[in-house]
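Asker: I have a structure I would like to understand better, so I am pasting it below and will then ask my questions one at a time.
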Amino acid sequence: MHHNIIVREVANLFFPIIILFGLYVQFHGDFGPGGGFQAGVIIAVGIILYALVHGLDKTRRLIPEKAVRIGMSLGVLLYAGVGVVTLLLGAEFLNYNVLVANPLTGQHLGIFLIELGVGITVATVMVMIFYAFAGRGQE
Amino acid sequence: MMLTATAVALLCIQSLFVAAMLTGIYSLLSAALFVLLDAVDVAFTEAAVGAGITTVLFLGMLARIPSRPEQYRKLHLRVGPMLAVLITGAALIYATHDMPAFGDPKAPANVHVAPRYINDSAREVGPPNIVTSVLASYRGYDTLGEVTVIFTAGVGVLLLLGHRRRREDRDAP
C-alpha cells in the first residue's frame with residue numbers, strides 16, 4: 001500500500017483528524033457520548049492506519065514498542081493510583097470527593113484522571129496487539 | 001432484518017476475507033441498532049471496536065496465514081448443530097415475551113438504581129452525561145476491573161506473540 005499515492009495521501013490527511021477526534025472523544029466524554037475506552041480505540045485505529053500505509057518499521061520508530069508497553073501499565077497504574085490516593089486521603093477506594101476541597105470538582109478531576117488511564121491503556125494495548133500480529137513472520 | 005441477512009451470508013461465505021468484511025458490516029449494523037435504542041455510548045463502542053479495530057486485526061491475521069481456497073468450497077449443513085441453534089434461538093425468543101416492554105417505566109431495571117442516577121448524578125458527580133458518571137464514578141470498581149482485563153489481554157498477547165525480538169537479541173553476538 002506504500003506505493004499507492006492516493007491511499008497514502010488520503011491516509012496522511014485523515015491521520016491528524018482521527019487523532020484529534022480521539023482526543024475530543026477522550027476529553028469531551030463527560031458532556032457527550034464517548035470516554036476513555038472509545039477514545040483509546042480511535043487513537044489506536046489512527047496509529048494502525050499510519051502503520052498500514054507507512055509500514056510497521058516506520059511506525060515502530062515513531063512509537064517504540066517499549067513506550068507502548070510502558071503505556072499499557074501506566075494507564076492501569078494511573079487508574080488504581082487515583083484509588084490509592086483517595087484511600088490515603090481518608091475516603092473509600094475511588095471516592096473522588098476528597099481529591100480537592102469541593103466534592104464536585106474532586107469528582108470531575110477523578111473522572112478525568114481515570115478516563116485518561118482507561119484511554120492510555122486501551123490505546124496502547126490495541127497498538128501492542130497490532131504490533132504483535134503484524135510483526136509476526138516479518139524479518 | 002439486515003442483521004439476520006448478514007449473519008446468514010456469513011454462514012454461506014467461504015472466503016475468509018469476505019467473512020472478515022461481513023463481521024465488520026454486522027458490527028456496524030448493530031451499532032445502528034444501538035443508536036435507534038438511544039444507547040449512543042454503546043453504539044460508539046460497537047462501531048469503534050467491532051467494525052473498526054476487530055476488522056483490522058482480522059485482516060492483519062489473514063495476511064499472515066496461507067490462503068487455502070480449495071478446502072472451504074463446500075458448505076456442510078449438519079443436522080445436530082442446526083437443531084441446537086434453532087431450539088436455543090426459539091427458547092430465547094419465547095423468553096423475550098416475559099420481558100417488560102421496551103421503555104416501560106415500571107420495569108425492574110428502571111426502578112432499581114436508575115432513578116437515583118437520573119435525579120442525583122448531576123448533584124453528586126457532575127457530568128451531564130450520566131453514562132460517564134455511572135461508569136467512572138458509581139461503578140468505578142467495575143471499570144477498573146475492565147481496564148485490568150484489557151491490560152491482561154494485552155500481556156497475554158505479548159506473552160504468546162511478542163517474544164520473537166528477545167530471542168533474536170539473545171542469539172545476536
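Chain labels follow the order of the C-alpha cells: the first chain is A, the next B, and so on; residue numbering restarts at 1 in every chain, and ligands are counted from 1 in their shown order.
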Tell me which protein, DNA and RNA residues are within 8 Å of Val68 in chain A, counting only C-alpha atoms, leaving out same-chain ones fewer than 5 positions away, and put them as a list in words.
Answerer: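 So the residues in contact are Ile63, Thr124, Val125, Val127 and Met128 of chain A.
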Asker: Please build the interface table for range 99-141 of chain B against range 87-98 of chain A with a cut-off of 9 Å, listing for each qualifying residue the nearest atom pair and the distance in Å to one decimal; count only C-alpha atoms, order rows by chain and increasing number, and write it as CSV.
Answerer:
```
residue,atom,partner,partner_atom,distance
B:Val125,CA,A:Asn97,CA,8.6
B:Ser137,CA,A:Leu94,CA,7.6
B:Tyr138,CA,A:Asn95,CA,9.0
B:Gly140,CA,A:Leu94,CA,6.5
B:Tyr141,CA,A:Leu94,CA,7.6
```
Asker: With C-alpha atoms retained, export the selected residues as an mmCIF file, in the first residue's frame.
Answerer:
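Contents of the output file out_17.cif:
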```cif
data_model
loop_
_atom_site.group_PDB
_atom_site.id
_atom_site.type_symbol
_atom_site.label_atom_id
_atom_site.label_comp_id
_atom_site.auth_asym_id
_atom_site.auth_seq_id
_atom_site.Cartn_x
_atom_site.Cartn_y
_atom_site.Cartn_z
ATOM 1 C CA VAL B 125 -20.990 13.602 40.422
ATOM 2 C CA SER B 137 -17.831 7.112 39.494
ATOM 3 C CA TYR B 138 -20.714 4.970 40.722
ATOM 4 C CA GLY B 140 -15.603 2.805 39.380
ATOM 5 C CA TYR B 141 -14.657 -0.652 40.628
#
```
Asker: Between CA of Leu33 in chain B and CA of Glu46 in chain B, what is the distance, to one decimal in Å?
Answerer: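 Separation of CA of Leu33 in chain B and CA of Glu46 in chain B: 10.4 Å.
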Asker: Near chain A, which residues of chain B fall within 6 Å when you count only C-alpha atoms, and what do they look like as JSON, numbers by chain?
Answerer: {"B": [41, 45, 60, 125, 127, 128, 129, 132, 136, 154, 161, 162]}
Asker: Can you pull out every residue from chain B that DSSP, working from the backbone, puts in alpha helix (DSSP H), and format the result as a PyMOL selection string?
Answerer: chain B and resi 2-12+16-36+40-45+54-64+79-96+108-111+114-124+130-133+140-161+164-171
Asker: CA of Leu158 in chain B and CA of Leu59 in chain B, how far apart in Å?
Answerer: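 About the pair CA of Leu59 in chain B and CA of Leu158 in chain B: they are 19.0 Å apart.
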Asker: Give the answer as one residue: which of B:Leu83, B:Met21, B:Val147, B:Ala31 has the shortest atom-to-atom distance to Ala123 in chain A, using only C-alpha atoms?
Answerer: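 Selected residue with least distance to Ala123 in chain A: B:Val147.
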